[in-house]
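Novice: This is the content of input_35.cif (mmCIF, C-alpha atoms):
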```cif
data_final
#
loop_
_atom_site.group_PDB
_atom_site.id
_atom_site.type_symbol
_atom_site.label_atom_id
_atom_site.label_comp_id
_atom_site.auth_asym_id
_atom_site.auth_seq_id
_atom_site.Cartn_x
_atom_site.Cartn_y
_atom_site.Cartn_z
ATOM 1 C CA MET A 703 46.576 77.382 124.373
ATOM 2 C CA SER A 704 45.337 74.922 121.877
ATOM 3 C CA ASP A 705 48.253 72.730 122.745
ATOM 4 C CA GLY A 706 47.061 72.559 126.334
ATOM 5 C CA TRP A 707 43.481 71.936 125.318
ATOM 6 C CA SER A 708 44.443 68.914 123.200
ATOM 7 C CA ARG A 709 46.563 67.569 126.020
ATOM 8 C CA GLU A 710 43.701 67.950 128.408
ATOM 9 C CA LEU A 711 41.312 66.313 125.967
ATOM 10 C CA LEU A 712 43.555 63.331 125.441
ATOM 11 C CA SER A 713 44.840 62.905 128.979
ATOM 12 C CA GLY A 714 41.639 63.694 130.782
ATOM 13 C CA THR A 715 43.415 65.759 133.380
ATOM 14 C CA GLY A 716 42.734 69.271 134.414
ATOM 15 C CA SER A 717 39.656 70.953 135.666
ATOM 16 C CA ASP A 718 37.223 68.712 133.911
ATOM 17 C CA ASP A 719 35.113 66.437 135.888
ATOM 18 C CA MET A 720 34.237 62.842 135.208
ATOM 19 C CA ALA A 721 31.069 63.596 133.250
ATOM 20 C CA SER A 722 32.951 65.850 130.912
ATOM 21 C CA ARG A 723 35.531 63.148 130.227
ATOM 22 C CA THR A 724 32.818 60.614 129.607
ATOM 23 C CA PHE A 725 31.120 63.014 127.219
ATOM 24 C CA ARG A 726 34.339 63.559 125.337
ATOM 25 C CA TRP A 727 34.960 59.861 125.207
ATOM 26 C CA TRP A 728 31.472 59.243 123.750
ATOM 27 C CA LEU A 729 31.956 62.190 121.422
ATOM 28 C CA ALA A 730 35.237 60.751 120.168
ATOM 29 C CA LEU A 731 33.615 57.331 119.841
ATOM 30 C CA GLY A 732 30.686 58.884 117.961
ATOM 31 C CA LEU A 733 33.076 60.654 115.594
ATOM 32 C CA VAL A 734 34.957 57.407 114.961
ATOM 33 C CA ILE A 735 31.669 55.577 114.379
ATOM 34 C CA ALA A 736 30.476 58.360 112.063
ATOM 35 C CA LEU A 737 33.777 58.165 110.187
ATOM 36 C CA VAL A 738 33.523 54.391 109.900
ATOM 37 C CA VAL A 739 29.880 54.618 108.768
ATOM 38 C CA SER A 740 30.801 57.322 106.243
ATOM 39 C CA LEU A 741 33.624 55.216 104.880
ATOM 40 C CA GLY A 742 31.354 52.175 104.789
ATOM 41 C CA THR A 743 28.648 54.142 102.996
ATOM 42 C CA TRP A 744 31.170 55.479 100.535
ATOM 43 C CA GLU A 745 32.535 51.962 100.027
ATOM 44 C CA LEU A 746 28.997 50.570 99.637
ATOM 45 C CA THR A 747 28.108 53.318 97.136
ATOM 46 C CA ALA A 748 31.299 52.630 95.198
ATOM 47 C CA ASP A 749 30.560 48.892 95.321
ATOM 48 C CA VAL A 750 26.965 49.409 94.113
ATOM 49 C CA GLY A 751 28.261 51.624 91.299
ATOM 50 C CA ALA A 752 30.912 49.069 90.390
ATOM 51 C CA ARG A 753 28.343 46.275 90.411
ATOM 52 C CA ALA A 754 26.006 48.313 88.195
ATOM 53 C CA THR A 755 28.882 48.974 85.795
ATOM 54 C CA LEU A 756 29.779 45.288 85.906
ATOM 55 C CA ARG A 757 26.174 44.261 85.113
ATOM 56 C CA GLN A 758 26.076 46.763 82.257
ATOM 57 C CA THR A 759 29.399 45.424 80.960
ATOM 58 C CA ASP A 760 28.114 41.834 81.266
ATOM 59 C CA ARG A 761 25.037 42.769 79.208
ATOM 60 C CA ALA A 762 27.224 44.465 76.589
ATOM 61 C CA VAL A 763 29.516 41.409 76.420
ATOM 62 C CA ALA A 764 26.494 39.101 76.095
ATOM 63 C CA ALA A 765 25.107 41.271 73.291
ATOM 64 C CA LEU A 766 28.482 41.256 71.529
ATOM 65 C CA GLN A 767 28.752 37.477 71.912
ATOM 66 C CA GLN A 768 25.281 37.054 70.401
ATOM 67 C CA ARG A 769 26.257 39.394 67.554
ATOM 68 C CA GLN A 770 29.394 37.332 67.024
ATOM 69 C CA ARG A 771 27.359 34.098 66.886
ATOM 70 C CA ASP A 772 24.941 35.707 64.409
ATOM 71 C CA LEU A 773 27.835 36.894 62.257
ATOM 72 C CA GLU A 774 29.445 33.445 62.409
ATOM 73 C CA VAL A 775 26.187 31.899 61.163
ATOM 74 C CA ARG A 776 26.044 34.453 58.343
ATOM 75 C CA LEU A 777 29.712 33.840 57.565
ATOM 76 C CA ASP A 778 29.151 30.082 57.435
ATOM 77 C CA ALA A 779 26.228 30.587 55.055
ATOM 78 C CA ALA A 780 28.286 32.931 52.878
ATOM 79 C CA GLN A 781 31.164 30.437 52.805
ATOM 80 C CA ALA A 782 28.741 27.670 51.790
ATOM 81 C CA ARG A 783 27.368 29.864 48.982
ATOM 82 C CA LEU A 784 30.907 30.712 47.910
ATOM 83 C CA ALA A 785 31.891 27.040 47.848
ATOM 84 C CA SER A 786 28.769 26.240 45.814
ATOM 85 C CA ALA A 787 29.541 29.074 43.405
ATOM 86 C CA GLY A 788 33.095 27.741 43.105
ATOM 87 C CA ARG A 789 31.796 24.267 42.243
ATOM 88 C CA GLN A 790 29.390 25.758 39.696
ATOM 89 C CA ARG A 791 32.246 27.817 38.209
ATOM 90 C CA ASP A 792 34.424 24.700 37.976
ATOM 91 C CA ALA A 793 31.589 22.778 36.309
ATOM 92 C CA ALA A 794 31.022 25.661 33.881
ATOM 93 C CA LYS A 795 34.763 25.763 33.085
ATOM 94 C CA ALA A 796 34.760 22.023 32.423
ATOM 95 C CA ALA A 797 31.690 22.364 30.196
ATOM 96 C CA LEU A 798 33.320 25.291 28.386
ATOM 97 C CA ARG A 799 36.486 23.238 27.817
ATOM 98 C CA GLN A 800 34.364 20.398 26.423
ATOM 99 C CA VAL A 801 32.382 22.753 24.188
ATOM 100 C CA SER A 802 35.642 24.362 23.032
ATOM 101 C CA ALA A 803 37.079 20.949 22.184
ATOM 102 C CA ASP A 804 33.873 19.995 20.354
ATOM 103 C CA LEU A 805 33.939 23.331 18.536
ATOM 104 C CA TYR A 806 37.554 22.756 17.517
ATOM 105 C CA LEU A 807 36.694 19.318 16.153
ATOM 106 C CA THR A 808 33.621 20.698 14.385
ATOM 107 C CA GLN A 809 35.703 23.533 12.906
ATOM 108 C CA ALA A 810 38.283 21.044 11.685
ATOM 109 C CA ALA A 811 35.534 18.906 10.125
ATOM 110 C CA LEU A 812 33.979 22.008 8.571
ATOM 111 C CA ASN A 813 37.343 23.065 7.156
ATOM 112 C CA GLY A 814 37.725 19.564 5.713
ATOM 113 C CA ALA A 815 34.219 19.735 4.274
ATOM 114 C CA ASN A 816 34.947 23.181 2.793
ATOM 115 C CA GLU A 817 38.083 21.811 1.138
ATOM 116 C CA SER A 818 36.106 18.864 -0.153
ATOM 117 C CA VAL A 819 33.394 21.167 -1.458
ATOM 118 C CA TYR A 820 36.021 23.371 -3.119
ATOM 119 C CA VAL A 821 37.631 20.305 -4.702
ATOM 120 C CA ASN A 822 34.231 18.926 -5.668
ATOM 121 C CA VAL A 823 33.128 22.270 -7.126
ATOM 122 C CA GLY A 824 36.304 22.283 -9.233
ATOM 123 C CA ALA A 825 35.692 18.680 -10.252
ATOM 124 C CA ILE A 826 32.050 19.446 -11.044
ATOM 125 C CA ASP A 827 33.085 22.449 -13.163
ATOM 126 C CA THR A 828 35.634 20.290 -14.995
ATOM 127 C CA LEU A 829 33.105 17.487 -15.468
ATOM 128 C CA ASN A 830 30.499 20.029 -16.621
ATOM 129 C CA THR A 831 32.942 21.414 -19.212
ATOM 130 C CA CYS A 832 33.653 17.865 -20.426
ATOM 131 C CA LEU A 833 29.979 16.929 -20.622
ATOM 132 C CA ASN A 834 29.050 20.179 -22.418
ATOM 133 C CA GLY A 835 31.728 19.402 -25.019
ATOM 134 C CA VAL A 836 30.440 15.831 -25.418
ATOM 135 C CA VAL A 837 26.844 17.070 -25.752
ATOM 136 C CA GLU A 838 27.973 19.589 -28.372
ATOM 137 C CA ALA A 839 29.862 16.854 -30.239
ATOM 138 C CA LEU A 840 26.788 14.590 -30.134
ATOM 139 C CA ASN A 841 24.611 17.390 -31.465
ATOM 140 C CA GLN A 842 27.080 18.007 -34.254
ATOM 141 C CA LEU A 843 27.190 14.313 -35.116
ATOM 142 C CA SER A 844 23.407 14.215 -35.169
ATOM 143 C CA ILE A 845 23.340 16.833 -37.901
ATOM 144 C CA GLY A 846 26.223 15.273 -39.837
ATOM 145 C CA GLN A 847 29.029 17.578 -38.863
ATOM 146 C CA ARG A 848 31.581 14.976 -38.128
ATOM 147 C CA ASN A 849 34.675 17.210 -38.298
ATOM 148 C CA ASN A 850 33.072 19.759 -35.935
ATOM 149 C CA ALA A 851 32.184 16.954 -33.519
ATOM 150 C CA VAL A 852 35.825 15.799 -33.457
ATOM 151 C CA GLN A 853 36.979 19.372 -32.859
ATOM 152 C CA SER A 854 34.472 19.761 -30.008
ATOM 153 C CA LEU A 855 35.753 16.533 -28.389
ATOM 154 C CA GLN A 856 39.368 17.600 -28.838
ATOM 155 C CA ALA A 857 38.551 20.974 -27.217
ATOM 156 C CA VAL A 858 37.255 19.243 -24.031
ATOM 157 C CA GLN A 859 39.690 16.297 -24.041
ATOM 158 C CA GLN A 860 41.854 17.784 -21.262
ATOM 159 C CA ALA A 861 38.785 18.544 -19.078
ATOM 160 C CA CYS A 862 37.416 15.025 -19.636
ATOM 161 C CA SER A 863 40.783 13.444 -18.785
ATOM 162 C CA LYS A 864 40.907 15.503 -15.600
ATOM 163 C CA ALA A 865 37.294 14.678 -14.634
ATOM 164 C CA ALA A 866 37.622 10.936 -15.308
ATOM 165 C CA PRO A 867 39.408 10.089 -11.992
ATOM 166 C CA SER A 868 36.848 12.047 -9.936
ATOM 167 C CA VAL A 869 33.976 10.184 -11.571
ATOM 168 C CA GLY A 870 35.517 6.742 -11.228
#
```
Let me see whether you can do it: turn the structure in this file into structure tokens.

Specialist:
Amino acid sequence: MSDGWSRELLSGTGSDDMASRTFRWWLALGLVIALVVSLGTWELTADVGARATLRQTDRAVAALQQRQRDLEVRLDAAQARLASAGRQRDAAKAALRQVSADLYLTQAALNGANESVYVNVGAIDTLNTCLNGVVEALNQLSIGQRNNAVQSLQAVQQACSKAAPSVG
């Protein structure tokens, strides 16, 4: 039965009159138009949604690009500070090397001065021993103790011989 109905609908034959066929034709046309409009609306809605998503994505990309530019500026500034710190470090290393070299030279001079002081202290002690013996001999001569004066000079003779080159 339904098979006959569809044949009648499509062929337009049977008991239907002309008005009924025209109605069916307009009905079919209306359904096609409704289908096309529905598809168009769905397509338009999908397009509007896609455009909204695209605008949102464009804004997100723009924000990320701005963030990237900001970070690049900060990175450039950090690299400049790092380069400056590197130059300061290099200058400080050079100054430290110079101070170390000066310290080494000063230490060497101080060691030399210490040796000289040690030698001079020894020479002063030797000269002091010699002079004390001479003073004692002079005191003994002043009171007439000639033999004691000679013994005092003989006792310091080695110290006086040793001190003589450091004095001269």

Novice: Could you work out how far atom CA of Val837 of chain A lies from atom CA of Val858 of chain A, giving the answer in Å with one decimal?

Specialist: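 Interatomic distance, atom CA of Val858 of chain A to atom CA of Val837 of chain A: 10.8 Å.
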
Novice: Might you spell out which residues the PyMOL selection byres ((chain A and resi 817-831) around 9) would select in the displayed file, as a list in words?

Specialist: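 Selection result, ordered by chain and number: Leu812, Asn813, Gly814, Ala815, Asn816, Cys832, Leu833, Asn834, Gly835, Val836, Val858, Ala861, Cys862, Lys864, Ala865, Ala866, Ser868 and Val869 of chain A.
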
Novice: Just how far from atom CA of Glu745 of chain A is atom CA of Ala730 of chain A, in Å to one decimal?

Specialist: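 Calculated distance between atom CA of Ala730 of chain A and atom CA of Glu745 of chain A is 22.1 Å.
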
Novice: Can you work out the spacing between atom CA of Arg753 of chain A and atom CA of Val734 of chain A in Å, to one decimal?

Specialist: 27.8 Å

Novice: When the PyMOL selection byres ((chain A and resi 851) around 12) is applied to the structure above, which residues does it catch, written out as a list in words?

Specialist: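 With the PyMOL selection byres ((chain A and resi 851) around 12) on this model, the match is Asn834, Gly835, Val836, Val837, Glu838, Ala839, Leu840, Asn841, Gln842, Leu843, Ser844, Ile845, Gly846, Gln847, Arg848, Asn849, Asn850, Val852, Gln853, Ser854, Leu855, Gln856, Ala857 and Val858 of chain A.
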
Novice: Return as a Markdown table the residues of segment 721-791 of chain A lying at most 12 Å from segment 796-804 of chain A, together with the closest atom-to-atom pair for each and the distance in Å to one decimal, counting all atoms listed in the file, with rows in chain order and ascending residue number.

Specialist:
```
| residue | atom | partner | partner_atom | distance |
| --- | --- | --- | --- | --- |
| A:Arg789 | CA | A:Ala796 | CA | 10.5 |
| A:Gln790 | CA | A:Ala796 | CA | 9.8 |
| A:Arg791 | CA | A:Ala796 | CA | 8.6 |
```
